[in-house]
Amino acid sequence: MAEAQPLPLSERRTFTYRVCAALVSGLSQVLFRPTVVGAENIPLEGPVLIAPIHRSNVDFALTLFISKRKVFFMAKDSVFRVPMLGPLITRLGAFPIHRGSADRESMAHSEAVLRQGHALVLFPEGTRKEGRSVAPLHDGAMFMAARTGAKVVPVGIGGSDRAMPKGAKLPRPAKIKIVVGAALDPPSSEGRVARSALSAKSEELRAALEQVYHESLQA
C-alpha cells in the first residue's frame, strides 16, 4: 500500500469541538436516549480502530463521542467545500477523501491516521447493511490493524435502523443502546501477515461484532 502524506490532525479538544460535541450529544439524548455499555473498552492511548456495526446514517454521530478521546473519521471531499460545514467537521475529527478515489487511497489515509497514534472510526461492513446478521467481512480493517499495530474495538448499535432507516431524510425518536466489546489484538507475525491470518482475525471481528450487536438489541 502506498504511504499517504501526513494528515494535519490534532487530538486537542478545542472550544469549537466541545461546543459541537455538546450539541450533538444533547440532541442525541433528546432523540435517542442512548445507553452506552463498555465504553471503558476503548483504549485511551495509542492507535485504535473503532469498528461499529452499520445500519443507519446516524451511526457516525452515535460513535464519535462514546470515548473520552477524540476520534477521527473520513468524509467526502465535497463536504469540506460547504461554507462553515467544512471547517466545522474538520474540528470534529473529519479528514477528506476525494470523490472517485480508489479504495487504496482511502485505506492509505486511514492508515496514516492510525500511524499518528489516533483513534479512527471505520465501518468494517463497508456500506450500510440490513438485518441482524453480520456477513463475512473484507480483510481491510485487520490489514490496517496489522500494519499499524492498532487495537480493534467492535461496537454494536441497536435501534439506529429505527431512528433513521434507509431512505429517511431525517432521524426520528427511537431508543438506542450501544455496546462496546473488548478490544481485539491486531494480527501479528515476524514478517508479512499471511492472508489466512488476516481472514482468521476478520472472522474473529465478525463474531465479536455479531455478539455486541445482539447485546445492543436487548432491552
# chains A, B, ... in the order shown; residues from 1 in each chain; ligands from 1
>>> closest_atom_pairs(of="stretch 39-121 of chain A", to="stretch 207-214 of chain A", cutoff="12 Å", atoms="only C-alpha atoms", output="Markdown table")
| residue | atom | partner | partner_atom | distance |
| --- | --- | --- | --- | --- |
| A:Ile50 | CA | A:Leu209 | CA | 11.2 |
| A:Ala51 | CA | A:Leu209 | CA | 8.2 |
| A:Pro52 | CA | A:Leu209 | CA | 7.6 |
| A:Ile53 | CA | A:Leu209 | CA | 6.8 |
| A:His54 | CA | A:Tyr213 | CA | 10.0 |
| A:Arg55 | CA | A:Tyr213 | CA | 10.5 |
>>> select_by_dssp(residues="stretch 19-56 of chain A", states="alpha helix (DSSP H)", output="compact mmCIF listing (two decimals) with C-alpha atoms, in the first residue's frame")
# COMPACT_ATOMS: atom_id res chain seq x y z
CA VAL A 19 -19.46 23.04 21.74
CA CYS A 20 -20.27 20.81 18.76
CA ALA A 21 -19.85 17.68 20.86
CA ALA A 22 -22.25 19.08 23.45
CA LEU A 23 -24.81 19.96 20.75
CA VAL A 24 -24.63 16.54 19.08
CA SER A 25 -24.67 14.73 22.41
CA GLY A 26 -27.57 16.82 23.64
CA LEU A 27 -29.61 16.21 20.50
CA SER A 28 -28.84 12.51 20.71
CA GLN A 29 -30.03 12.43 24.31
CA VAL A 30 -33.34 14.02 23.32
CA LEU A 31 -33.95 11.86 20.24
CA PHE A 32 -32.36 8.54 21.12
>>> residues_around(residues="A:Asp59", least_positions_apart="6", cutoff="12 Å", atoms="only C-alpha atoms", output="ChimeraX atom specification")
/A:28,32,34,51-53,65-66,121-123,127-129,155-165,171,176-178
>>> closest_residue(among="A:Val48, A:Asn57, A:Leu217, A:His109", to="A:Met74", atoms="only C-alpha atoms")
A:His109
>>> select_by_dssp(residues="stretch 51-185 of chain A", states="strand (DSSP E)", output="CSV table (one decimal) with C-alpha atoms, in the first residue's frame")
chain,number,residue,atom,x,y,z
A,51,ALA,CA,-15.3,-0.8,14.3
A,52,PRO,CA,-19.1,-0.2,14.7
A,71,VAL,CA,-11.8,10.1,17.3
A,72,PHE,CA,-11.3,10.7,13.6
A,73,PHE,CA,-13.3,9.7,10.5
A,74,MET,CA,-13.3,10.1,6.7
A,75,ALA,CA,-15.8,12.2,4.7
A,76,LYS,CA,-16.2,13.0,1.1
A,94,ALA,CA,-13.0,14.6,9.8
A,95,PHE,CA,-10.4,14.3,7.1
A,96,PRO,CA,-11.2,14.4,3.3
A,97,ILE,CA,-11.3,11.5,0.9
A,119,ALA,CA,-8.4,6.6,17.2
A,120,LEU,CA,-10.2,6.0,13.9
A,121,VAL,CA,-13.9,5.1,13.2
A,151,LYS,CA,-6.3,-2.5,18.6
A,152,VAL,CA,-9.7,-3.1,17.0
A,153,VAL,CA,-12.8,-2.4,19.1
A,154,PRO,CA,-16.2,-3.9,18.0
A,155,VAL,CA,-19.2,-1.7,18.6
A,156,GLY,CA,-22.9,-2.8,18.4
A,157,ILE,CA,-25.5,-0.1,17.9
A,158,GLY,CA,-29.1,-1.3,18.5
A,177,LYS,CA,-28.3,1.0,23.0
A,178,ILE,CA,-24.6,1.0,22.3
A,179,VAL,CA,-22.4,-1.9,23.4
A,180,VAL,CA,-18.6,-1.7,23.2
>>> residues_around(residues="A:Pro136", least_positions_apart="4", cutoff="8 Å", atoms="only C-alpha atoms", output="list in words")
Ser202, Glu203 and Arg206 of chain A
>>> write_last_selection(atoms="C-alpha atoms", output="PDB file, in the first residue's frame")
ATOM      1  CA  SER A 202     -11.532 -10.794  10.311  1.00  0.00           C
ATOM      2  CA  GLU A 203     -13.726 -13.730  11.288  1.00  0.00           C
ATOM      3  CA  ARG A 206     -17.179 -10.565  12.640  1.00  0.00           C
TER       4      ARG A 206
END
>>> closest_residue(among="A:Thr63, A:Gln116, A:Ser78, A:Thr16", to="A:Glu45", atoms="only C-alpha atoms")
A:Gln116
>>> atom_distance(atom1="atom CA of A:Ala182", atom2="atom CA of A:Glu40")
9.0 Å
>>> closest_residue(among="A:Met84, A:Lys175, A:Ala135, A:Arg147", to="A:Ala108", atoms="only C-alpha atoms")
A:Arg147
>>> atom_distance(atom1="atom CA of A:Leu85", atom2="atom CA of A:Glu125")
26.8 Å
>>> closest_residue(among="A:Phe143, A:Val58, A:Gly181, A:Ala197", to="A:Gly38", atoms="only C-alpha atoms")
A:Gly181
